[in-house]
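Data file: my_file.txt. Format and content: compact mmCIF, C-alpha atoms.
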```
# COMPACT_ATOMS: atom_id res chain seq x y z
CA MET A 1 92.28 70.30 90.79
CA ARG A 2 91.10 71.35 94.19
CA THR A 3 90.46 69.08 97.15
CA ALA A 4 88.50 69.51 100.35
CA LEU A 5 91.64 70.99 101.90
CA LEU A 6 91.69 73.92 99.51
CA LEU A 7 90.14 76.34 101.96
CA VAL A 8 92.78 75.83 104.62
CA SER A 9 94.52 78.72 102.90
CA ILE A 10 91.82 81.07 104.10
CA ALA A 11 91.31 79.79 107.62
CA ALA A 12 94.23 81.66 109.15
CA GLY A 13 92.79 85.00 108.09
CA ILE A 14 89.18 84.51 109.06
CA LEU A 15 89.28 85.83 112.59
CA SER A 16 91.21 88.95 111.67
CA VAL A 17 89.76 89.89 108.28
CA PRO A 18 89.73 93.69 107.89
CA HIS A 19 86.56 95.52 106.95
CA ALA A 20 86.16 97.29 103.63
CA ASN A 21 83.70 99.18 101.47
CA ALA A 22 82.80 99.95 97.86
CA ARG A 23 80.56 98.72 94.91
CA ASN A 24 77.33 97.38 93.41
CA HIS A 25 74.57 94.88 92.39
CA SER A 26 74.03 91.36 90.96
CA ALA A 27 72.55 90.62 87.53
CA ALA A 28 70.70 87.72 89.12
CA SER A 29 68.74 90.18 91.24
CA GLY A 30 68.02 92.83 88.61
CA ALA A 31 71.25 94.83 88.65
CA THR A 32 71.97 97.87 86.60
CA THR A 33 75.20 97.46 84.60
CA LEU A 34 77.21 99.78 82.40
CA ALA A 35 77.36 99.41 78.63
CA ASP A 36 80.49 97.28 78.86
CA GLY A 37 78.84 94.95 81.37
CA SER A 38 80.77 96.27 84.35
CA MET A 39 79.25 97.33 87.67
CA PRO A 40 78.92 101.04 88.48
CA THR A 41 80.78 102.21 91.55
CA ALA A 42 78.53 102.80 94.55
CA THR A 43 78.64 103.03 98.31
CA PRO A 44 77.00 100.08 100.13
CA VAL A 45 73.49 101.04 101.17
CA HIS A 46 73.31 98.78 104.22
CA GLU A 47 75.47 96.52 106.34
CA ASN A 48 74.60 93.35 104.40
CA THR A 49 76.41 94.49 101.27
CA ILE A 50 79.99 93.55 100.41
CA ALA A 51 81.42 95.42 97.45
CA VAL A 52 84.94 95.52 96.05
CA ALA A 53 86.25 97.47 93.07
CA ASN A 54 89.63 96.92 91.39
CA ALA A 55 90.94 94.41 93.90
CA ASP A 56 93.89 93.85 91.55
CA ASP A 57 95.27 97.34 92.26
CA SER A 58 96.55 96.45 95.73
CA LEU A 59 98.04 93.46 97.55
CA LYS A 60 95.88 94.21 100.59
CA HIS A 61 93.48 91.36 101.49
CA TRP A 62 95.34 88.90 99.20
CA SER A 63 97.29 85.82 100.22
CA THR A 64 99.02 82.93 98.43
CA CYS A 65 98.20 79.27 99.04
CA ALA A 66 100.69 76.63 97.83
CA GLN A 67 102.02 73.38 99.20
CA PRO A 68 103.64 72.47 101.56
CA GLU A 69 102.38 75.24 103.89
CA CYS A 70 98.89 75.38 102.38
CA TYR A 71 96.81 72.88 100.40
CA PRO A 72 94.97 74.12 97.29
CA GLY A 73 94.70 70.61 95.89
CA GLY A 74 97.08 68.96 93.48
CA LYS A 75 100.08 66.92 94.54
CA GLY A 76 103.30 68.84 94.02
CA VAL A 77 105.17 71.74 95.56
CA PRO A 78 105.77 74.56 93.05
CA VAL A 79 109.30 75.80 92.47
CA SER A 80 108.11 79.37 92.98
CA THR A 81 105.08 81.66 92.91
CA SER A 82 104.64 85.39 92.47
CA GLN A 83 101.95 88.06 92.62
CA THR A 84 102.69 91.56 91.36
CA ILE A 85 100.56 94.65 90.74
CA ASP A 86 100.80 97.78 88.58
CA ASN A 87 101.77 95.91 85.42
CA ALA A 88 101.33 98.36 82.55
CA SER A 89 101.32 95.71 79.80
CA PRO A 90 99.21 93.80 79.24
CA SER A 91 96.47 95.67 81.06
CA VAL A 92 92.94 96.93 80.58
CA ASP A 93 93.15 100.06 82.72
CA GLY A 94 96.92 100.56 82.82
CA ALA A 95 97.67 98.51 85.96
CA SER A 96 97.05 94.76 86.04
CA MET A 97 97.90 92.02 88.56
CA ARG A 98 100.20 89.20 87.45
CA LEU A 99 100.00 85.71 88.97
CA THR A 100 102.67 83.12 88.24
CA GLU A 101 103.42 79.53 89.17
CA THR A 102 106.61 77.68 88.22
CA ALA A 103 106.75 73.89 88.20
CA ASN A 104 109.51 71.50 87.15
CA SER A 105 110.05 67.83 86.33
CA THR A 106 110.31 66.83 89.99
CA THR A 107 106.78 68.05 90.72
CA SER A 108 103.45 66.72 89.51
CA TYR A 109 100.13 68.55 89.19
CA THR A 110 101.05 71.61 91.23
CA ASN A 111 98.28 74.09 92.12
CA VAL A 112 98.57 77.66 93.40
CA LEU A 113 95.64 79.64 94.81
CA TRP A 114 95.38 83.40 95.44
CA PRO A 115 92.36 84.22 97.70
CA TYR A 116 91.04 87.73 98.37
CA LYS A 117 89.35 87.81 101.80
CA MET A 118 86.81 90.32 103.12
CA LYS A 119 84.54 90.63 106.14
CA GLY A 120 81.72 88.12 106.42
CA CYS A 121 78.13 88.54 105.34
CA ASP A 122 75.98 85.73 106.76
CA ALA A 123 72.81 87.39 105.46
CA CYS A 124 74.07 87.73 101.88
CA THR A 125 72.27 85.62 99.29
CA HIS A 126 73.63 86.87 95.96
CA MET A 127 77.21 86.91 94.72
CA ARG A 128 78.70 88.36 91.56
CA THR A 129 82.26 88.64 90.29
CA ASN A 130 83.35 90.72 87.31
CA PHE A 131 86.93 90.86 85.99
CA TRP A 132 89.28 90.57 83.03
CA ALA A 133 91.72 87.64 82.71
CA TYR A 134 94.69 87.23 80.38
CA PRO A 135 96.12 83.68 80.58
CA VAL A 136 99.42 84.00 78.76
CA SER A 137 99.84 80.51 77.28
CA SER A 138 98.01 77.20 77.34
CA SER A 139 101.28 75.31 77.76
CA HIS A 140 101.17 73.16 80.91
CA VAL A 141 97.80 74.63 82.00
CA ALA A 142 95.55 71.95 83.47
CA SER A 143 92.83 74.39 84.55
CA LEU A 144 92.05 78.04 85.24
CA GLU A 145 89.92 78.47 88.34
CA TYR A 146 87.72 81.40 89.38
CA ASP A 147 85.78 81.09 92.67
CA ALA A 148 83.57 83.15 94.96
CA PHE A 149 82.82 82.21 98.56
CA LEU A 150 80.86 83.01 101.70
CA PHE A 151 81.77 81.30 104.96
CA ASP A 152 78.57 81.59 106.96
CA ALA A 153 79.22 81.15 110.69
CA ALA A 154 75.61 81.91 111.63
CA HIS A 155 74.39 78.85 109.72
CA GLN A 156 77.68 76.90 109.88
CA LEU A 157 77.95 76.65 106.08
CA ASN A 158 80.92 76.52 103.75
CA ILE A 159 79.56 78.23 100.64
CA MET A 160 81.89 77.91 97.65
CA TRP A 161 80.78 78.81 94.14
CA GLY A 162 83.75 77.22 92.43
CA VAL A 163 84.12 77.41 88.66
CA GLN A 164 87.02 76.30 86.50
CA TRP A 165 87.92 76.01 82.86
CA ASN A 166 89.31 72.47 82.55
CA GLN A 167 91.78 72.88 79.73
CA ARG A 168 92.38 69.15 79.33
CA ALA A 169 88.67 68.29 79.18
CA GLY A 170 87.74 71.37 77.14
CA LYS A 171 84.77 72.39 79.29
CA TRP A 172 83.69 74.51 82.23
CA GLN A 173 83.09 72.74 85.54
CA ILE A 174 81.43 73.76 88.80
CA TRP A 175 82.30 72.71 92.33
CA ASN A 176 80.26 70.42 94.58
CA GLN A 177 81.28 71.53 98.08
CA GLY A 178 79.36 68.66 99.65
CA THR A 179 81.38 65.93 97.90
CA SER A 180 84.51 67.95 97.04
CA GLN A 181 84.21 67.09 93.36
CA TRP A 182 84.11 68.95 90.05
CA VAL A 183 80.95 68.60 87.96
CA ASP A 184 80.90 69.09 84.17
CA THR A 185 78.72 71.74 82.56
CA MET A 186 77.66 71.79 78.92
CA VAL A 187 79.70 74.96 78.20
CA THR A 188 82.70 74.14 76.01
CA THR A 189 83.81 77.65 74.99
CA GLY A 190 86.73 78.62 77.17
CA PRO A 191 88.93 81.65 77.74
CA ARG A 192 91.30 82.58 74.92
CA PHE A 193 95.01 82.49 75.64
CA GLY A 194 97.25 85.45 74.89
CA VAL A 195 94.39 87.99 74.92
CA TRP A 196 92.08 89.61 77.44
CA ASN A 197 88.86 87.79 78.40
CA HIS A 198 85.94 89.49 80.15
CA LEU A 199 84.34 87.18 82.72
CA GLN A 200 81.31 87.60 84.97
CA PHE A 201 79.76 85.01 87.27
CA SER A 202 76.38 85.43 89.00
CA ASP A 203 75.23 83.05 91.74
CA HIS A 204 72.78 82.95 94.62
CA ARG A 205 71.47 80.91 97.52
CA VAL A 206 68.24 80.79 99.52
CA ILE A 207 68.87 80.79 103.26
CA GLY A 208 67.09 77.84 104.83
CA ASP A 209 66.73 75.98 101.52
CA THR A 210 67.75 72.38 102.21
CA SER A 211 66.67 70.84 98.92
CA CYS A 212 70.20 69.69 97.99
CA GLY A 213 70.32 66.45 99.90
CA GLY A 214 69.31 68.04 103.18
CA THR A 215 71.76 70.93 103.00
CA GLU A 216 71.56 74.40 101.49
CA CYS A 217 71.67 74.63 97.70
CA LEU A 218 74.15 76.83 95.90
CA TYR A 219 72.66 78.15 92.66
CA TYR A 220 75.03 78.70 89.75
CA ASP A 221 73.07 81.17 87.64
CA THR A 222 75.10 82.55 84.74
CA LEU A 223 78.59 82.59 83.28
CA MET A 224 79.43 85.46 80.94
CA LEU A 225 82.50 85.12 78.71
CA ASN A 226 83.51 87.82 76.25
CA GLY A 227 80.00 89.17 75.81
CA THR A 228 78.19 85.82 75.61
CA THR A 229 76.06 84.85 78.60
CA TYR A 230 75.56 81.16 79.35
CA ALA A 231 72.60 80.30 81.58
CA LEU A 232 73.91 77.53 83.82
CA ASN A 233 70.88 77.14 86.11
CA LEU A 234 72.67 74.44 88.10
CA THR A 235 72.70 73.62 91.80
CA GLU A 236 75.24 71.94 94.06
CA PRO A 237 75.18 71.56 97.86
CA ALA A 238 77.05 73.72 100.33
CA GLY A 239 79.30 72.02 102.85
CA PRO A 240 79.71 72.26 106.63
CA LEU A 241 81.91 75.06 107.93
CA HIS A 242 85.20 73.87 109.39
CA HIS A 243 85.34 73.91 113.18
CA GLY A 244 86.56 77.23 114.52
CA TRP A 245 86.14 79.16 111.29
CA GLY A 246 84.39 82.52 111.33
CA SER A 247 82.44 84.47 108.74
CA VAL A 248 84.30 85.71 105.67
CA SER A 249 83.54 86.56 102.05
CA GLY A 250 85.76 86.78 99.02
CA PHE A 251 86.86 85.53 95.65
CA GLN A 252 89.98 83.81 94.36
CA PHE A 253 92.03 82.74 91.36
CA GLN A 254 93.92 79.49 90.89
CA LEU A 255 96.41 78.09 88.38
CA ASP A 256 96.76 74.31 88.03
CA ALA A 257 99.75 72.88 86.17
CA THR A 258 100.19 69.65 84.25
CA PRO A 259 103.39 67.60 84.79
CA VAL A 260 106.60 68.97 83.27
CA ALA A 261 108.69 66.34 81.47
CA SER A 262 112.00 68.16 81.75
CA GLY A 263 113.31 71.51 82.88
CA SER A 264 110.74 73.95 84.27
CA ALA A 265 107.58 75.74 83.10
CA THR A 266 106.00 78.97 84.32
CA LEU A 267 102.26 79.56 84.12
CA SER A 268 101.19 83.22 84.07
CA GLU A 269 97.83 84.96 84.19
CA TYR A 270 97.07 88.67 84.36
CA ILE A 271 93.95 89.93 86.18
CA ASP A 272 92.49 93.42 85.79
CA GLU A 273 89.46 95.42 86.94
CA ALA A 274 88.58 92.67 89.43
CA ASP A 275 85.28 93.44 91.15
CA MET A 276 83.17 91.45 93.61
CA TRP A 277 79.69 92.19 94.95
CA ALA A 278 77.59 90.31 97.51
CA ASN A 279 74.23 91.13 99.06
```
Could you write out this structure as structure tokens?
Amino acid sequence: MRTALLLVSIAAGILSVPHANARNHSAASGATTLADGSMPTATPVHENTIAVANADDSLKHWSTCAQPECYPGGKGVPVSTSQTIDNASPSVDGASMRLTETANSTTSYTNVLWPYKMKGCDACTHMRTNFWAYPVSSSHVASLEYDAFLFDAAHQLNIMWGVQWNQRAGKWQIWNQGTSQWVDTMVTTGPRFGVWNHLQFSDHRVIGDTSCGGTECLYYDTLMLNGTTYALNLTEPAGPLHHGWGSVSGFQFQLDATPVASGSATLSEYIDEADMWAN
């Protein structure tokens, strides 16, 4: 489970985030998609477009957040973490990214976060992520988290569309950045373990909209899982940007572990064809 300190992992990279190009449009704003639901490759048409294709094929722009140096929530310090690319099996396109977290009986509720950070886009209002995920086993998995974010320095907003499959509760949850709490949705169909899952998330905001308790609303539009689209149509408030943080955009993956009674346990998840688009 994430806490308000989760985003400390990203702060160090905000002022030196490299620029990048590449890819396409949100379903929430009338996007064209391919037959398999993926986004066609395209060059950004103007400066207020952030587009990433196959982020899992390189370690560039990625970092790892785990206690004690970084705080992605939870309580314990993992025994080890790893992030590797070019894994031929399992994979969708022949080269997947593998994320692992190892916990043992001396730790409790360890979390590990892997953020992918890009240049900022303070004028962007729509965000979409599209990827394949292969969680290897449900053993010791507390939750599988998939987030997208915009840190908006122009409006001093911490915009986090956080979504997680809570394995213990058996439901999807969304993140309230204003209160730093998870909120249940009505969706109870989760990712399958030991196979590939196709996931897409579409979200948006309206700049200047302060209808969520006096702060900007974050609109959670749809969750697509293995060909089924769930209309969430939920809103949660954005939060204030941490002092000194600059503009940045990105998405991230997190593994949360349950306590291990004895010995050690390794959680693994493969990610492939990981795309992000913001406009």
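Interatomic distance, CA of Thr110 (chain A) against CA of Arg98 (chain A): 18.0 Å.
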For Glu101 (chain A), please output as JSON, numbers by chain all residues within 7 Å (counting all atoms listed in the file; exclusion window: fewer than 3 positions along the same chain).
-> {"A": [78, 80, 81, 82, 112, 266, 267, 268]}
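Of the residues listed (A:Cys124, A:Ala142, A:Met97, A:Ala103), A:Cys124 shows the shortest atom-to-atom separation from Ile207 (chain A); distances use only C-alpha atoms.
Straight-line separation from CA of Thr228 (chain A) to CA of Gly190 (chain A): 11.3 Å.
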Up to 12 Å from (70.3, 68.1, 106.0) in the file's coordinates: name the residues, counting only C-alpha atoms, as a list in words.
-> Leu157, Gly178, Gly208, Asp209, Thr210, Ser211, Cys212, Gly213, Gly214, Thr215, Glu216, Cys217, Pro237, Ala238, Gly239 and Pro240 of chain A
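Proximity to Ser108 (chain A) was assessed for A:Thr235, A:Thr258, A:Asn48, A:Thr84 counting all atoms listed in the file; the smallest distance is recorded for A:Thr258.
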Skipping near chain neighbours, those fewer than 6 positions away, what residues fall within 12 Å of Phe131 (chain A) using only C-alpha atoms, listed as a ChimeraX atom specification?
-> /A:36-39,52-56,91-93,96-97,146-147,196-201,224-226,251-253,270-277
One decimal, Å: what's the distance from CA of Asn176 (chain A) over to CA of Pro68 (chain A), could you say?
-> 24.5 Å
Given the choices A:Leu241, A:Cys65, A:Ile174, A:Ala169, which gets closest to Glu145 (chain A) if the distance is worked out from all atoms listed in the file?
-> A:Ile174
Which one of A:Ala261, A:Val187, A:Asn111, A:Leu218 sits closest to Gln67 (chain A) if you count all atoms listed in the file?
-> A:Asn111
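Each of A:Trp175, A:His242, A:Thr106, A:Leu59 was compared to Gly263 (chain A) using all atoms listed in the file, and A:Thr106 turns out to be the nearest.
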Distance query Met160 (chain A) at most 7 Å, all atoms listed in the file, self and fewer than 2 positions along chain excluded, as a PyMOL selection string = chain A and resi 148-150+158+162+177+238
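Closest to Ala88 (chain A) among A:Trp62, A:Lys75, A:Gly244, A:Asp57 is A:Asp57, based on all atoms listed in the file.
Summary of the local environment: counting all atoms listed in the file, residues at most 10 Å from Arg168 (chain A), other than itself and those fewer than 3 positions away along its chain, are His140, Val141, Ala142, Ser143, Trp165, Lys171 and Thr258 of chain A.
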